[in-house]
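Undergrad: First, the structure itself, so that you have it in front of you.
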Amino acid sequence: MDTTSFVKKTIAFETVEPSLTPPPIKASLLKKPRLAGGKSRKRDIPEGLWTRCPGCSEMIFDKELDENLKVCPKCGHHFPIGAHERIHSMVETCTFEEMDAEMTSVDVLNFKGVATYKSKLEAYKKNTTLKDAVVTGLCKIGPHRVALGVMDFNFLGGSMGSVVGEKLARLIERGSEKECPVVIISTSGGARMYEGMFSLMQMAKTAAALAYHARRHLPYVSVLTHPTTAGVMASYASLGDLMLAEPGAMIGFAGPRVIKDTTQAELPPGFQTAEFLLDHGLIDAIVSRKEMKQQLIEYLNFLGAGHKPAAAAS
Ligand SMILES: [Zn+2]
């Protein structure tokens, strides 16, 4: 009995003794400011100034990225770039004469889904300041007069509807008429589902225009950028006399999962990348964005060797 009362006393003593409990409190107090400091440091970085590179996980200052044509300065990863920005990076100053700048899509099918086609078009026009997913025009690249079409993935995934098809067909026809090479820089998720058959018809229309262009022995250079897929890849994007691609671009018709399920076979590593397609002969060269302009000039010099250079005129 005596022993239990003795033990009780010691317990009482132990509970009174507070020296054991403060250290953890102190430790947590010390930790807290550290955590808070970390958080506030994060808050100090204004949003939209830094971008994490998916290639090397480095944080890149957006201004640096813009100055580098949206290419990671550390690993060379190519970020998406807008049509106007790309045109600006390639074309001689003040030479770009835009064609059909005001052409806009019409909701022929009266498409209603989660959102109507009309409302989607309005939203994308507002957010991108583009009228549709392609910008076309005549311009000069180095000494060459070129009919240039540049797609923009930001507008409805660069999908090809009637406007994209019509603008490109007119561009190709203008190129044929002016006897100048056509260069189309593609990036697209494919045909625009909101326009159903009307968007699929653009595949035939653009391909036919290119066939007439080829009959006149005029070159067409197709530049594939990330991603170029489906109906666009199955029409004008794959019809180039010269097929170029940006490094790491995903290029294909159907997605890898669909192909895997259909063929019931394992896909080889790097399937549908620009590098894989270069090895297998679909494309002729991989050209980084920063070298694209210079390389195009050299290729056009070569392709125009048998043809009267239109550039010399002006
Ligand atoms: Zn990187």
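Ordering of the structure tokens sets the chain letters (A, B, ...); residue numbers start at 1 within each chain; ligands are numbered from 1 in the order shown.
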Just list the residues in stretch 100-236 of chain A DSSP gives helix (DSSP H, G or I) on the backbone, as a PyMOL selection string.
TA: chain A and resi 117-128+156-158+162-177+193-215+230-233+236
Undergrad: May I have the residues from that selection written out with C-alpha atoms, as an mmCIF file, in the first residue's frame?
TA:
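again-v2.cif, written as the output of this step:
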```cif
data_model
loop_
_atom_site.group_PDB
_atom_site.id
_atom_site.type_symbol
_atom_site.label_atom_id
_atom_site.label_comp_id
_atom_site.auth_asym_id
_atom_site.auth_seq_id
_atom_site.Cartn_x
_atom_site.Cartn_y
_atom_site.Cartn_z
ATOM 1 C CA TYR A 117 -20.675 26.408 -80.860
ATOM 2 C CA LYS A 118 -21.647 30.066 -81.100
ATOM 3 C CA SER A 119 -20.769 30.736 -77.467
ATOM 4 C CA LYS A 120 -17.486 28.850 -77.831
ATOM 5 C CA LEU A 121 -16.535 30.905 -80.869
ATOM 6 C CA GLU A 122 -17.319 34.141 -79.057
ATOM 7 C CA ALA A 123 -15.288 33.109 -76.004
ATOM 8 C CA TYR A 124 -12.249 32.065 -78.053
ATOM 9 C CA LYS A 125 -12.387 35.214 -80.177
ATOM 10 C CA LYS A 126 -12.358 37.287 -77.027
ATOM 11 C CA ASN A 127 -9.602 35.319 -75.279
ATOM 12 C CA THR A 128 -7.233 34.905 -78.195
ATOM 13 C CA LEU A 156 -10.343 25.728 -80.223
ATOM 14 C CA GLY A 157 -7.329 23.397 -80.223
ATOM 15 C CA GLY A 158 -6.289 24.561 -83.681
ATOM 16 C CA SER A 162 -14.704 25.711 -92.786
ATOM 17 C CA VAL A 163 -12.790 28.920 -92.112
ATOM 18 C CA VAL A 164 -9.427 27.239 -91.581
ATOM 19 C CA GLY A 165 -9.936 25.163 -94.736
ATOM 20 C CA GLU A 166 -11.149 28.090 -96.815
ATOM 21 C CA LYS A 167 -8.406 30.454 -95.658
ATOM 22 C CA LEU A 168 -5.722 27.863 -96.401
ATOM 23 C CA ALA A 169 -7.221 26.940 -99.783
ATOM 24 C CA ARG A 170 -7.291 30.627 -100.754
ATOM 25 C CA LEU A 171 -3.721 31.033 -99.508
ATOM 26 C CA ILE A 172 -2.508 28.114 -101.595
ATOM 27 C CA GLU A 173 -4.365 29.449 -104.649
ATOM 28 C CA ARG A 174 -2.832 32.873 -104.114
ATOM 29 C CA GLY A 175 0.584 31.237 -103.834
ATOM 30 C CA SER A 176 0.017 29.425 -107.133
ATOM 31 C CA GLU A 177 -1.210 32.620 -108.775
ATOM 32 C CA MET A 193 -16.467 18.464 -84.600
ATOM 33 C CA TYR A 194 -18.862 21.407 -84.269
ATOM 34 C CA GLU A 195 -19.012 21.613 -88.051
ATOM 35 C CA GLY A 196 -19.364 17.893 -88.759
ATOM 36 C CA MET A 197 -19.057 17.026 -92.443
ATOM 37 C CA PHE A 198 -18.280 20.632 -93.351
ATOM 38 C CA SER A 199 -14.986 20.394 -91.496
ATOM 39 C CA LEU A 200 -14.122 17.044 -93.080
ATOM 40 C CA MET A 201 -14.680 18.562 -96.539
ATOM 41 C CA GLN A 202 -11.783 20.921 -95.860
ATOM 42 C CA MET A 203 -9.386 17.984 -96.078
ATOM 43 C CA ALA A 204 -10.272 17.405 -99.722
ATOM 44 C CA LYS A 205 -10.415 21.117 -100.524
ATOM 45 C CA THR A 206 -6.954 21.941 -99.173
ATOM 46 C CA ALA A 207 -5.435 18.795 -100.689
ATOM 47 C CA ALA A 208 -6.928 19.673 -104.098
ATOM 48 C CA ALA A 209 -5.560 23.218 -103.929
ATOM 49 C CA LEU A 210 -2.109 21.781 -103.142
ATOM 50 C CA ALA A 211 -2.370 19.392 -106.092
ATOM 51 C CA TYR A 212 -2.951 22.360 -108.438
ATOM 52 C CA HIS A 213 -0.034 24.152 -106.781
ATOM 53 C CA ALA A 214 2.190 21.116 -107.375
ATOM 54 C CA ARG A 215 1.138 20.937 -111.029
ATOM 55 C CA ALA A 230 -6.024 13.734 -87.083
ATOM 56 C CA GLY A 231 -7.756 15.465 -90.014
ATOM 57 C CA VAL A 232 -5.062 18.094 -90.442
ATOM 58 C CA MET A 233 -2.275 15.513 -90.458
ATOM 59 C CA TYR A 236 -2.448 19.320 -96.046
#
```
Undergrad: Residues of chain A that approach ligand 1 to 6 Å or less, counting only C-alpha atoms and all ligand atoms: could you list each one with the shortest pair of atoms and its distance in Å to one decimal, rows by chain and increasing residue number, as a tab-separated table?
TA:
```
residue	atom	partner	partner_atom_place_in_ligand_line	distance
A:Cys53	CA	ligand 1	1 (Zn)	4.6
A:Gly55	CA	ligand 1	1 (Zn)	4.5
A:Cys56	CA	ligand 1	1 (Zn)	4.1
A:Glu58	CA	ligand 1	1 (Zn)	5.9
A:Cys72	CA	ligand 1	1 (Zn)	4.6
A:Lys74	CA	ligand 1	1 (Zn)	5.0
A:Cys75	CA	ligand 1	1 (Zn)	4.1
A:Gly76	CA	ligand 1	1 (Zn)	5.9
A:His77	CA	ligand 1	1 (Zn)	5.2
```
Undergrad: Quick one: write out the picked residues with C-alpha atoms as a CSV table (one decimal), in the first residue's frame?
TA:
```csv
chain,number,residue,atom,x,y,z
A,53,CYS,CA,9.4,23.7,-67.9
A,55,GLY,CA,11.1,19.1,-70.1
A,56,CYS,CA,13.5,19.8,-67.3
A,58,GLU,CA,13.2,24.3,-64.1
A,72,CYS,CA,13.3,26.5,-72.8
A,74,LYS,CA,18.0,25.1,-70.4
A,75,CYS,CA,16.7,22.0,-72.2
A,76,GLY,CA,15.3,23.2,-75.5
A,77,HIS,CA,11.7,22.2,-74.8
```
Undergrad: Out of A:His144, A:Ile87, A:Glu97, A:Val71, which residue has the shortest atom-to-atom distance to A:Glu246 when counting only C-alpha atoms?
TA: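 Once distances to A:Glu246 are computed over only C-alpha atoms, the minimum belongs to A:Val71.
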Undergrad: So which bits of stretch 128-196 of chain A end up strand (DSSP E) when you DSSP the backbone, as a PyMOL selection string?
TA: chain A and resi 134-141+144-151+182-188
Undergrad: Take atom CA of A:Ile60 and atom CA of A:Pro80 and report the distance between them in Å, one decimal.
TA: 14.7 Å
Undergrad: How many Å separate atom CA of A:Thr225 from atom CA of A:Cys94?
TA: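 These atoms are spaced 24.7 Å apart.
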Undergrad: Within 12 Å of stretch 274-296 of chain A, which residues of stretch 115-215 of chain A come that close, and what is the closest atom pair and distance in Å for each? Count only C-alpha atoms and give it as CSV.
TA:
```
residue,atom,partner,partner_atom,distance
A:Lys140,CA,A:Lys293,CA,10.8
A:Ile141,CA,A:Lys293,CA,7.1
A:Gly142,CA,A:Gln294,CA,7.9
A:Pro143,CA,A:Leu296,CA,10.9
A:His144,CA,A:Leu296,CA,9.6
A:Arg145,CA,A:Leu296,CA,11.9
A:Val146,CA,A:Leu296,CA,10.5
A:Leu148,CA,A:Leu296,CA,11.8
A:Pro181,CA,A:Leu296,CA,10.9
A:Val182,CA,A:Leu296,CA,11.3
A:Val183,CA,A:Leu296,CA,9.1
A:Ile184,CA,A:Leu296,CA,11.6
A:Ile185,CA,A:Met292,CA,10.8
```
Undergrad: For the selection you just gave me, I'd like the residues written to a file as a tab-separated table (two decimals), in the first residue's frame, keeping C-alpha atoms.
TA:
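This is the output file out.tsv:
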```
chain	number	residue	atom	x	y	z
A	140	LYS	CA	8.80	37.78	-97.26
A	141	ILE	CA	11.06	35.32	-95.50
A	142	GLY	CA	14.62	36.37	-96.25
A	143	PRO	CA	14.67	37.07	-99.98
A	144	HIS	CA	11.69	34.82	-100.72
A	145	ARG	CA	8.13	35.91	-101.26
A	146	VAL	CA	6.06	33.26	-99.52
A	148	LEU	CA	2.42	31.70	-95.30
A	181	PRO	CA	6.13	28.81	-102.43
A	182	VAL	CA	3.52	27.94	-99.80
A	183	VAL	CA	4.60	27.37	-96.21
A	184	ILE	CA	2.04	26.11	-93.70
A	185	ILE	CA	2.93	25.77	-90.04
```
Undergrad: For each of A:Ala115, A:Gln272, A:Ser57, A:Ser89, take the minimum atom-to-atom distance to A:Lys70, counting only C-alpha atoms, then give the residue where this is smallest.
TA: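 Using only C-alpha atoms, the shortest distance to A:Lys70 belongs to A:Ser89.
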Undergrad: Given the choices A:Gly137, A:Pro256, A:Pro268, A:His226, which gets closest to A:Phe153 if the distance is worked out from only C-alpha atoms?
TA: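 Once distances to A:Phe153 are computed over only C-alpha atoms, the minimum belongs to A:His226.
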Undergrad: Report, in Å to a single decimal, how far apart atom CA of A:Lys260 and atom CA of A:Met160 are.
TA: 25.4 Å
Undergrad: Between A:Ser105, A:Thr229, A:Thr93, A:Thr116, which is the closest to A:Gly161 once you count only C-alpha atoms?
TA: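 Among the listed residues, the smallest separation from A:Gly161 belongs to A:Ser105.
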